[in-house]
file final-v1.cif (mmCIF, C-alpha atoms)
data_start
#
loop_
_atom_site.label_atom_id
_atom_site.label_comp_id
_atom_site.auth_asym_id
_atom_site.auth_seq_id
_atom_site.Cartn_x
_atom_site.Cartn_y
_atom_site.Cartn_z
CA MET R 1 82.63 -52.49 209.30
CA ARG R 2 80.90 -49.41 210.70
CA VAL R 3 77.23 -48.56 210.25
CA ILE R 4 76.40 -44.88 210.63
CA LEU R 5 72.78 -44.07 211.41
CA ALA R 6 71.53 -40.52 210.84
CA ALA R 7 68.47 -39.97 213.03
CA GLY R 8 66.15 -36.99 212.82
CA THR R 9 62.62 -35.72 212.41
CA THR R 10 60.59 -33.61 210.04
CA GLU R 11 57.13 -32.20 210.57
CA THR R 12 56.36 -33.53 207.11
CA GLY R 13 56.11 -36.96 208.74
CA LEU R 14 53.01 -35.79 210.60
CA VAL R 15 51.03 -35.32 207.38
CA ASP R 16 48.13 -37.74 207.62
CA GLY R 17 48.52 -41.00 205.77
CA ILE R 18 52.07 -40.80 204.38
CA SER R 19 54.00 -42.92 206.90
CA ALA R 20 53.62 -46.09 208.96
CA ALA R 21 56.67 -45.33 211.13
CA GLY R 22 54.71 -45.55 214.37
CA ALA R 23 51.18 -46.34 215.42
CA ALA R 24 50.10 -42.68 215.84
CA PRO R 25 51.53 -39.16 215.34
CA GLU R 26 52.17 -38.69 219.06
CA VAL R 27 54.22 -41.91 218.98
CA MET R 28 55.94 -41.26 215.66
CA VAL R 29 57.92 -38.33 217.05
CA HIS R 30 59.77 -40.81 219.29
CA THR R 31 60.57 -43.24 216.45
CA PRO R 32 64.10 -42.04 215.50
CA ALA R 33 65.30 -41.90 219.12
CA ALA R 34 63.83 -45.35 219.78
CA ASP R 35 65.40 -46.72 216.59
CA ALA R 36 68.83 -45.49 217.69
CA GLU R 37 68.45 -47.14 221.11
CA ILE R 38 67.25 -50.43 219.62
CA LEU R 39 70.20 -50.52 217.23
CA VAL R 40 72.72 -49.67 219.97
CA TYR R 41 71.27 -51.42 223.02
CA GLY R 42 68.81 -53.96 221.62
CA GLU R 43 65.76 -52.23 223.12
CA PRO R 44 64.50 -48.72 223.93
CA ALA R 45 66.08 -47.05 226.94
CA ILE R 46 64.36 -43.72 227.58
CA ALA R 47 62.23 -43.74 224.44
CA PRO R 48 58.73 -44.52 225.78
CA VAL R 49 57.64 -46.71 222.86
CA THR R 50 58.78 -49.39 220.47
CA PRO R 51 57.94 -48.17 216.94
CA VAL R 52 55.28 -50.52 215.60
CA SER R 53 52.80 -49.93 212.78
CA PRO R 54 49.05 -50.10 213.52
CA THR R 55 49.02 -53.70 212.22
CA GLY R 56 51.96 -54.85 214.32
CA CYS R 57 54.89 -54.42 211.92
CA PRO R 58 58.01 -53.58 213.93
CA THR R 59 60.52 -50.91 213.05
CA PRO R 60 63.32 -51.97 210.67
CA ALA R 61 65.62 -51.26 213.63
CA ALA R 62 64.58 -54.67 214.95
CA ILE R 63 65.85 -56.32 211.76
CA THR R 64 69.11 -54.36 211.70
CA ARG R 65 69.69 -55.12 215.37
CA ALA R 66 69.12 -58.83 214.74
CA VAL R 67 71.74 -58.77 211.99
CA ARG R 68 74.14 -56.98 214.33
CA GLU R 69 73.67 -59.69 216.95
CA VAL R 70 74.40 -62.39 214.38
CA VAL R 71 77.30 -60.95 212.38
CA GLY R 72 78.53 -57.98 214.45
CA PHE R 73 79.36 -54.44 213.34
CA ASP R 74 80.15 -51.11 214.97
CA VAL R 75 77.51 -48.37 215.14
CA THR R 76 77.68 -44.58 215.23
CA VAL R 77 74.50 -42.51 215.57
CA LEU R 78 74.35 -39.00 214.15
CA ALA R 79 71.89 -36.68 215.89
CA ALA R 80 70.49 -34.94 212.82
CA GLY R 81 67.39 -33.09 213.95
CA LEU R 82 66.01 -35.29 216.73
CA ALA R 83 62.81 -33.94 218.26
CA LYS R 84 63.13 -36.25 221.28
CA PRO R 85 66.32 -37.20 223.15
CA THR R 86 68.05 -40.55 223.03
CA THR R 87 70.45 -42.20 225.44
CA ALA R 88 72.34 -43.78 222.53
CA PRO R 89 75.78 -42.15 222.18
CA THR R 90 75.61 -39.68 219.31
CA VAL R 91 77.68 -37.38 217.18
CA ASP R 92 75.70 -34.16 217.52
CA LEU R 93 75.43 -32.23 214.27
CA GLU R 94 73.59 -29.39 216.03
CA ALA R 95 70.68 -29.79 213.65
CA ALA R 96 67.16 -28.61 214.35
CA PRO R 97 64.18 -30.81 213.44
CA GLY R 98 62.91 -30.22 209.93
CA ALA R 99 59.80 -28.15 209.22
CA ASP R 100 56.90 -29.24 207.03
CA ILE R 101 57.99 -28.92 203.39
CA ARG R 102 54.72 -27.05 202.75
CA GLU R 103 56.37 -24.15 204.56
CA PRO R 104 58.69 -21.83 202.56
CA VAL R 105 61.81 -23.19 204.28
CA ALA R 106 62.05 -26.77 205.59
CA VAL R 107 65.72 -26.97 206.70
CA PRO R 108 67.16 -23.49 207.24
CA ASP R 109 70.48 -24.93 208.49
CA ALA R 110 70.94 -27.42 205.61
CA GLU R 111 74.34 -26.04 204.61
CA SER R 112 75.78 -26.03 208.14
CA ILE R 113 74.50 -29.58 208.80
CA PHE R 114 76.12 -30.74 205.57
CA GLU R 115 79.44 -29.10 206.42
CA ARG R 116 79.59 -30.49 209.95
CA ALA R 117 78.73 -33.95 208.63
CA ARG R 118 81.29 -33.64 205.83
CA GLU R 119 83.99 -32.74 208.35
CA TYR R 120 83.03 -35.78 210.42
CA GLY R 121 83.16 -38.08 207.38
CA ALA R 122 86.55 -36.70 206.35
CA SER R 123 87.98 -37.14 209.87
CA LEU R 124 87.19 -40.83 210.36
CA PRO R 125 90.16 -43.04 211.32
CA GLU R 126 92.37 -44.35 208.55
CA ASP R 127 91.29 -47.94 209.22
CA GLU R 128 87.65 -47.06 208.50
CA ASP R 129 87.90 -48.06 204.86
CA GLU R 130 84.22 -48.96 204.38
CA LEU R 131 81.06 -47.32 205.70
CA LEU R 132 77.37 -48.14 205.54
CA ILE R 133 75.19 -45.09 206.09
CA GLY R 134 71.52 -45.49 207.00
CA GLU R 135 68.71 -43.24 208.18
CA THR R 136 65.64 -43.05 210.37
CA ILE R 137 63.17 -40.22 209.80
CA PRO R 138 59.39 -40.67 209.50
CA GLY R 139 58.10 -38.93 206.39
CA GLY R 140 61.44 -39.30 204.64
CA THR R 141 60.08 -40.70 201.39
CA THR R 142 57.96 -37.56 200.95
CA THR R 143 60.90 -35.25 201.55
CA ALA R 144 62.91 -37.46 199.18
CA LEU R 145 60.30 -36.87 196.51
CA GLY R 146 60.44 -33.16 197.29
CA VAL R 147 64.21 -32.96 196.86
CA ALA R 148 64.22 -35.13 193.75
CA THR R 149 61.53 -32.96 192.18
CA ALA R 150 63.39 -29.75 193.01
CA LEU R 151 66.52 -31.26 191.42
CA GLY R 152 64.61 -32.36 188.34
CA GLU R 153 65.34 -36.03 188.97
CA PRO R 154 62.57 -38.47 187.95
CA ILE R 155 62.97 -40.70 191.00
CA GLY R 156 60.02 -42.72 192.24
CA VAL R 157 59.71 -43.27 195.97
CA SER R 158 58.51 -46.25 197.98
CA SER R 159 56.41 -46.19 201.13
CA SER R 160 56.30 -47.76 204.57
CA LEU R 161 52.63 -48.48 203.83
CA PRO R 162 51.46 -51.48 201.76
CA ALA R 163 49.62 -49.18 199.35
CA ASN R 164 52.02 -46.39 198.40
CA PRO R 165 50.11 -43.08 198.77
CA LEU R 166 52.02 -41.46 195.90
CA GLU R 167 49.27 -39.04 194.95
CA ARG R 168 49.12 -37.72 198.51
CA LYS R 169 52.89 -37.30 198.54
CA ARG R 170 52.86 -35.53 195.18
CA ALA R 171 50.19 -33.15 196.47
CA VAL R 172 52.35 -32.33 199.50
CA VAL R 173 55.36 -31.75 197.24
CA GLU R 174 53.36 -29.53 194.90
CA ARG R 175 52.25 -27.37 197.81
CA GLY R 176 55.83 -27.24 199.02
CA LEU R 177 57.10 -26.04 195.67
CA GLN R 178 54.44 -23.34 195.59
CA ALA R 179 55.29 -22.21 199.14
CA SER R 180 58.98 -21.96 198.20
CA ASP R 181 58.24 -20.27 194.87
CA LEU R 182 59.91 -23.10 192.97
CA GLU R 183 59.30 -25.04 189.80
CA PRO R 184 60.52 -28.61 189.28
CA GLU R 185 64.24 -28.61 188.41
CA ASP R 186 64.83 -25.09 189.76
CA CYS R 187 67.43 -26.49 192.19
CA ALA R 188 69.37 -28.53 189.64
CA GLY R 189 73.04 -28.01 190.49
CA THR R 190 72.22 -26.46 193.88
CA PRO R 191 71.29 -29.53 195.97
CA LEU R 192 71.60 -27.90 199.39
CA GLU R 193 69.00 -25.38 198.30
CA ALA R 194 66.77 -28.32 197.38
CA ILE R 195 67.20 -29.69 200.91
CA ARG R 196 66.72 -26.26 202.47
CA THR R 197 63.36 -25.79 200.78
CA MET R 198 62.02 -29.30 200.17
CA GLY R 199 64.04 -31.73 202.27
CA ASP R 200 64.91 -32.83 205.78
CA PRO R 201 67.97 -32.58 208.05
CA VAL R 202 68.85 -36.27 207.73
CA GLN R 203 69.42 -35.83 203.99
CA ALA R 204 71.96 -33.09 204.67
CA ALA R 205 73.67 -35.27 207.29
CA VAL R 206 73.93 -38.40 205.13
CA ALA R 207 75.08 -36.43 202.09
CA GLY R 208 77.71 -34.63 204.16
CA VAL R 209 79.16 -37.77 205.74
CA ALA R 210 79.22 -39.53 202.37
CA ALA R 211 80.94 -36.58 200.67
CA GLY R 212 83.58 -36.35 203.40
CA ALA R 213 84.26 -40.08 203.44
CA LEU R 214 84.38 -40.38 199.65
CA GLY R 215 86.81 -37.47 199.55
CA ARG R 216 89.29 -39.45 201.66
CA GLY R 217 88.92 -42.64 199.61
CA THR R 218 86.54 -44.56 201.86
CA GLN R 219 84.09 -46.95 200.20
CA VAL R 220 80.59 -45.64 200.91
CA THR R 221 77.40 -47.66 200.82
CA LEU R 222 74.07 -45.91 201.21
CA ALA R 223 72.12 -48.47 203.23
CA GLY R 224 68.48 -47.87 202.48
CA GLY R 225 65.80 -47.31 199.89
CA THR R 226 64.50 -44.42 197.86
CA GLN R 227 65.24 -41.89 200.60
CA LEU R 228 68.90 -42.58 200.01
CA VAL R 229 68.47 -42.58 196.25
CA ALA R 230 67.51 -38.93 196.72
CA VAL R 231 70.70 -38.44 198.74
CA ALA R 232 72.68 -39.98 195.88
CA ALA R 233 71.08 -37.39 193.59
CA VAL R 234 72.13 -34.66 196.01
CA LEU R 235 75.72 -35.91 195.91
CA ARG R 236 75.84 -36.07 192.14
CA HIS R 237 74.36 -32.56 191.83
CA ALA R 238 77.01 -31.40 194.31
CA GLY R 239 79.73 -32.67 191.95
CA VAL R 240 80.70 -35.69 194.07
CA SER R 241 81.85 -38.26 191.54
CA GLY R 242 83.29 -41.09 193.63
CA ARG R 243 82.14 -44.70 193.54
CA LEU R 244 78.78 -44.94 195.30
CA ARG R 245 76.71 -48.00 196.14
CA LEU R 246 73.14 -48.46 197.38
CA THR R 247 72.09 -51.62 199.20
CA THR R 248 68.39 -52.12 199.77
CA THR R 249 65.79 -54.82 200.32
CA SER R 250 63.75 -56.89 197.92
CA PHE R 251 60.68 -55.19 199.41
CA VAL R 252 61.77 -51.81 198.01
CA ALA R 253 62.77 -53.37 194.70
CA ALA R 254 59.29 -54.89 194.38
CA ASP R 255 57.51 -51.55 194.87
CA GLU R 256 55.72 -50.61 191.63
CA GLY R 257 56.69 -46.96 192.02
CA VAL R 258 60.43 -47.71 192.05
CA ASP R 259 62.78 -48.44 189.13
CA LEU R 260 66.13 -49.07 190.78
CA GLU R 261 67.88 -50.01 187.55
CA ALA R 262 66.92 -46.70 185.93
CA VAL R 263 68.06 -44.57 188.86
CA GLY R 264 71.26 -46.59 189.13
CA ASP R 265 72.09 -45.79 185.53
CA ARG R 266 71.06 -42.16 185.87
CA LEU R 267 73.08 -41.49 189.03
CA ASP R 268 76.03 -43.83 188.40
CA LEU R 269 74.89 -45.74 191.47
CA GLU R 270 75.72 -49.39 192.04
CA ILE R 271 72.61 -51.22 193.26
CA GLU R 272 72.55 -54.33 195.44
CA VAL R 273 69.25 -55.92 196.48
CA THR R 274 69.06 -58.42 199.34
CA ASP R 275 66.17 -60.86 199.80
CA PRO R 276 65.98 -62.06 203.42
CA ALA R 277 63.40 -64.76 202.52
CA PHE R 278 60.98 -63.62 205.22
CA GLU R 279 58.28 -65.75 203.59
CA ARG R 280 59.93 -68.73 205.29
CA SER R 281 58.75 -67.44 208.68
CA ASP R 282 55.23 -67.20 210.09
CA HIS R 283 56.24 -64.63 212.71
CA VAL R 284 54.16 -61.44 212.59
CA SER R 285 57.22 -59.24 212.15
CA MET R 286 58.37 -60.88 208.93
CA ALA R 287 54.83 -61.56 207.68
CA ARG R 288 54.08 -57.82 207.78
CA TYR R 289 57.18 -57.05 205.71
CA CYS R 290 56.03 -59.62 203.16
CA ALA R 291 52.66 -57.85 203.13
CA GLY R 292 54.41 -54.66 202.00
CA GLU R 293 54.84 -52.73 205.23
CA ALA R 294 57.96 -50.81 206.30
CA LYS R 295 60.17 -52.26 203.50
CA GLU R 296 63.37 -50.48 204.56
CA GLY R 297 64.98 -48.11 207.04
CA VAL R 298 67.57 -47.93 209.83
CA GLY R 299 70.17 -49.40 207.48
CA MET R 300 68.18 -52.62 207.09
CA GLY R 301 69.11 -53.39 203.48
CA GLY R 302 72.77 -52.67 204.09
CA ALA R 303 72.85 -54.77 207.23
CA LEU R 304 71.22 -57.72 205.47
CA SER R 305 73.85 -57.48 202.73
CA LEU R 306 76.50 -58.26 205.38
CA VAL R 307 74.98 -61.65 206.23
CA PRO R 308 77.23 -64.45 204.96
CA ASP R 309 75.82 -67.19 202.74
CA GLY R 310 73.98 -69.75 204.81
CA ARG R 311 73.37 -67.46 207.80
CA MET R 312 70.08 -65.77 206.82
CA GLY R 313 68.14 -68.46 208.68
CA ASP R 314 70.05 -67.48 211.83
CA VAL R 315 69.03 -63.86 211.24
CA ARG R 316 65.36 -64.80 210.90
CA GLU R 317 65.53 -66.72 214.17
CA ARG R 318 67.25 -63.78 215.88
CA ILE R 319 64.57 -61.40 214.58
CA GLU R 320 62.03 -63.42 216.55
CA THR R 321 64.25 -63.14 219.63
CA VAL R 322 64.67 -59.37 219.23
CA CYS R 323 60.95 -58.89 218.66
CA ALA R 324 60.11 -60.90 221.78
CA ARG R 325 62.47 -58.64 223.73
CA LEU R 326 60.67 -55.62 222.26
CA GLY R 327 57.24 -57.00 223.11
CA VAL R 328 56.39 -57.59 219.44
CA ASP R 329 55.05 -61.12 219.42
CA ASP R 330 52.05 -62.77 217.84
CA ASP R 331 50.77 -66.34 217.71
CA ARG R 332 48.77 -65.82 214.51
CA THR R 333 49.90 -67.78 211.48
CA ARG R 334 50.72 -66.23 208.12
CA THR R 335 47.43 -67.61 206.75
CA GLU R 336 45.47 -65.87 209.51
CA LEU R 337 47.29 -62.60 208.83
CA GLU R 338 46.60 -62.84 205.11
CA THR R 339 42.91 -63.50 205.85
CA GLU R 340 42.78 -60.38 208.04
CA ASP R 341 44.39 -58.36 205.24
CA SER R 342 41.86 -59.57 202.68
CA ARG R 343 38.98 -58.70 204.98
CA GLY R 344 40.37 -55.20 205.45
CA SER R 345 40.85 -54.53 201.73
#
call {"tool": "encode", "arguments": {"input": "final-v1.cif", "output": "C-alpha cells"}}
result
Amino acid sequence: MRVILAAGTTETGLVDGISAAGAAPEVMVHTPAADAEILVYGEPAIAPVTPVSPTGCPTPAAITRAVREVVGFDVTVLAAGLAKPTTAPTVDLEAAPGADIREPVAVPDAESIFERAREYGASLPEDEDELLIGETIPGGTTTALGVATALGEPIGVSSSLPANPLERKRAVVERGLQASDLEPEDCAGTPLEAIRTMGDPVQAAVAGVAAGALGRGTQVTLAGGTQLVAVAAVLRHAGVSGRLRLTTTSFVAADEGVDLEAVGDRLDLEIEVTDPAFERSDHVSMARYCAGEAKEGVGMGGALSLVPDGRMGDVRERIETVCARLGVDDDRTRTELETEDSRGS
C-alpha cells in the first residue's frame, strides 16, 4: 500500500479565521512542509515548528504517522506549491504556491500541474495496484468550496475549527467569483478552469494523480474530507468515470455542514467512514479531535481505514508516543479540557 501526500500552500489560508492549521499565520506557512516531514520521518526536520492549533490540537500528520508506525505503508510526497522547503523526499510538480482566490487567478499553472501529476500517476509501477491520496494545505476547505461553487456542485465543506465558519468562507468565495467574473456553475464541464480561478495547486495535483492512476486500472482512494470531495467533483467534470472511493473520519461525517451520503450519490463516490474511538483516551491530542478540531487531513481518514480489527487501541497508544516526540503533551484530563471549552464559549 502506498500513501501519496500532495503538499502545498495557498494565500487563501491566510484569511483570518478560516483555518486552525497552525497557531498563527506566520507558523501556518510551514505546516505542509512540517506535515510531510512528520509523515516521513516521525518529526520535523528543517521545518521550524510542529503544526498545533491555538488550543493544542496537533496536526493530523501525527495521527497518520502513528498509523504508519503500527501497520506500515509506503509514502510519496508530491511538492504541489510548497511555500517553504522540506527535507522529505518529494516528486516535484514544479507548482507555484496558490494565490488568494479573491484575486482574478488563483492557480495560473493549474493545467500544467494536472498534466505532470497525471503523467506521474500513469507511470507508477505495475505492482502499485492500490493508492491512497491525501493532502495538506491550510485553507483547503475554502478553496474546495470555491471550486465546488464554480462547478455548480452543492457540496458542503467541513472545517478544522470546532465552529465551522461557513459564512466567512462563503463571503470569500463570493468575492473570488466576482474577481474572476464568474457566476456559480460557470465552470461546469471545465474543472481545470475552476481550479485556475477558485482553487489551489494541491487540487490539481491530487486530481491529476488520480486520473493517471485510474486510467491504468489502479484502485484509487481519496484519503480525506470535503477537500477531496471537491477533487472528486473535478474528476467527474473532467470525464473520469472509474471507480472512486473516499475514506474519511467520523469527525468529518459528524459535521453539520456535510452530507457525505448525498455527495456520494451525486458523484458516484464510494464513502467509507472510520471512527478511531478517540473518546477512549484522555490525551489532549485526541480530546481536541473529539471537541471538533482538525477533523481530517494528511491522509488521516485513509490511514485509519488501514488499521486491522482489534488494533485501534494500539494506534491510540502510538498517537501518545508520537505526540510526546513532537512535544505535544498535556496532563489535563478530558473533564478539565471540556470545562475550559465551556468557559470559553
call {"tool": "closest_residue", "arguments": {"input": "final-v1.cif", "among": "R:Pro51, R:Gly146, R:Gly297, R:Gly121", "to": "Glu193 of chain R", "atoms": "all atoms listed in the file"}}
result
R:Gly146
call {"tool": "closest_residue", "arguments": {"input": "final-v1.cif", "among": "R:Gly208, R:Gly189, R:Gly215, R:Gly199", "to": "His237 of chain R", "atoms": "only C-alpha atoms"}}
result
R:Gly189
call {"tool": "residues_near_point", "arguments": {"input": "final-v1.cif", "point": "(62.6, -41.6, 198.8)", "cutoff": "10 Å", "atoms": "only C-alpha atoms", "output": "ChimeraX atom specification"}}
result
/R:139-148,155-159,224-231,258
call {"tool": "resolve_selection", "arguments": {"input": "final-v1.cif", "expression": "the PyMOL selection byres ((chain R and resi 188) around 9)", "output": "PyMOL selection string"}}
result
chain R and resi 150-153+184-187+189-191+194+237
call {"tool": "write_last_selection", "arguments": {"input": "final-v1.cif", "atoms": "C-alpha atoms", "output": "short mmCIF file (atom, residue, chain, number, x, y, z; two decimals), in the frame of the given file"}}
result
data_model
loop_
_atom_site.label_atom_id
_atom_site.label_comp_id
_atom_site.auth_asym_id
_atom_site.auth_seq_id
_atom_site.Cartn_x
_atom_site.Cartn_y
_atom_site.Cartn_z
CA ALA R 150 63.39 -29.75 193.01
CA LEU R 151 66.52 -31.26 191.42
CA GLY R 152 64.61 -32.36 188.34
CA GLU R 153 65.34 -36.03 188.97
CA PRO R 184 60.52 -28.61 189.28
CA GLU R 185 64.24 -28.61 188.41
CA ASP R 186 64.83 -25.09 189.76
CA CYS R 187 67.43 -26.49 192.19
CA GLY R 189 73.04 -28.01 190.49
CA THR R 190 72.22 -26.46 193.88
CA PRO R 191 71.29 -29.53 195.97
CA ALA R 194 66.77 -28.32 197.38
CA HIS R 237 74.36 -32.56 191.83
#
call {"tool": "resolve_selection", "arguments": {"input": "final-v1.cif", "expression": "the PyMOL selection byres ((chain R and resi 138) around 10)", "output": "ChimeraX atom specification"}}
result
/R:7-14,18-22,25,28-32,135-137,139-143,160,297
call {"tool": "closest_residue", "arguments": {"input": "final-v1.cif", "among": "R:Ile101, R:Ala83, R:Met300, R:Met286", "to": "Arg170 of chain R", "atoms": "all atoms listed in the file"}}
result
R:Ile101
call {"tool": "resolve_selection", "arguments": {"input": "final-v1.cif", "expression": "the PyMOL selection byres ((chain R and resi 211-213) around 8)", "output": "count of residues only"}}
result
21
call {"tool": "closest_residue", "arguments": {"input": "final-v1.cif", "among": "R:Val252, R:Cys57, R:Ala96, R:Val263", "to": "Leu82 of chain R", "atoms": "all atoms listed in the file"}}
result
R:Ala96
call {"tool": "closest_residue", "arguments": {"input": "final-v1.cif", "among": "R:Thr55, R:Val77, R:Val107, R:Gly134", "to": "Ala291 of chain R", "atoms": "only C-alpha atoms"}}
result
R:Thr55
call {"tool": "residues_near_point", "arguments": {"input": "final-v1.cif", "point": "(61.8, -58.0, 216.5)", "cutoff": "9 Å", "atoms": "all atoms listed in the file", "output": "list in words"}}
result
Pro58, Thr59, Pro60, Ala61, Ala62, Ile63, Arg65, Ala66, Ser285, Met286, Arg318, Ile319, Glu320, Thr321, Val322, Cys323, Ala324, Arg325, Leu326, Gly327, Val328 and Asp329 of chain R
call {"tool": "residues_around", "arguments": {"input": "final-v1.cif", "residues": "Arg288 of chain R", "least_positions_apart": "3", "cutoff": "10 Å", "atoms": "only C-alpha atoms", "output": "list in words"}}
result
Ser53, Thr55, Gly56, Cys57, Pro58, Pro162, Phe278, Glu279, Asp282, His283, Val284, Ser285, Ala291, Gly292, Glu293, Ala294, Lys295, Arg334, Leu337 and Glu338 of chain R
call {"tool": "closest_residue", "arguments": {"input": "final-v1.cif", "among": "R:Lys84, R:Arg2, R:Arg311, R:Arg236", "to": "Glu130 of chain R", "atoms": "only C-alpha atoms"}}
result
R:Arg2
call {"tool": "residues_around", "arguments": {"input": "final-v1.cif", "residues": "Leu269 of chain R", "least_positions_apart": "4", "cutoff": "10 Å", "atoms": "all atoms listed in the file", "output": "ChimeraX atom specification"}}
result
/R:221-222,229,232-233,236,242-246,260-265
call {"tool": "atom_distance", "arguments": {"input": "final-v1.cif", "atom1": "atom CA of Pro89 of chain R", "atom2": "atom CA of Ala33 of chain R"}}
result
10.9 Å
call {"tool": "residues_around", "arguments": {"input": "final-v1.cif", "residues": "Val273 of chain R", "least_positions_apart": "6", "cutoff": "6 Å", "atoms": "only C-alpha atoms", "output": "ChimeraX atom specification"}}
result
/R:247-250
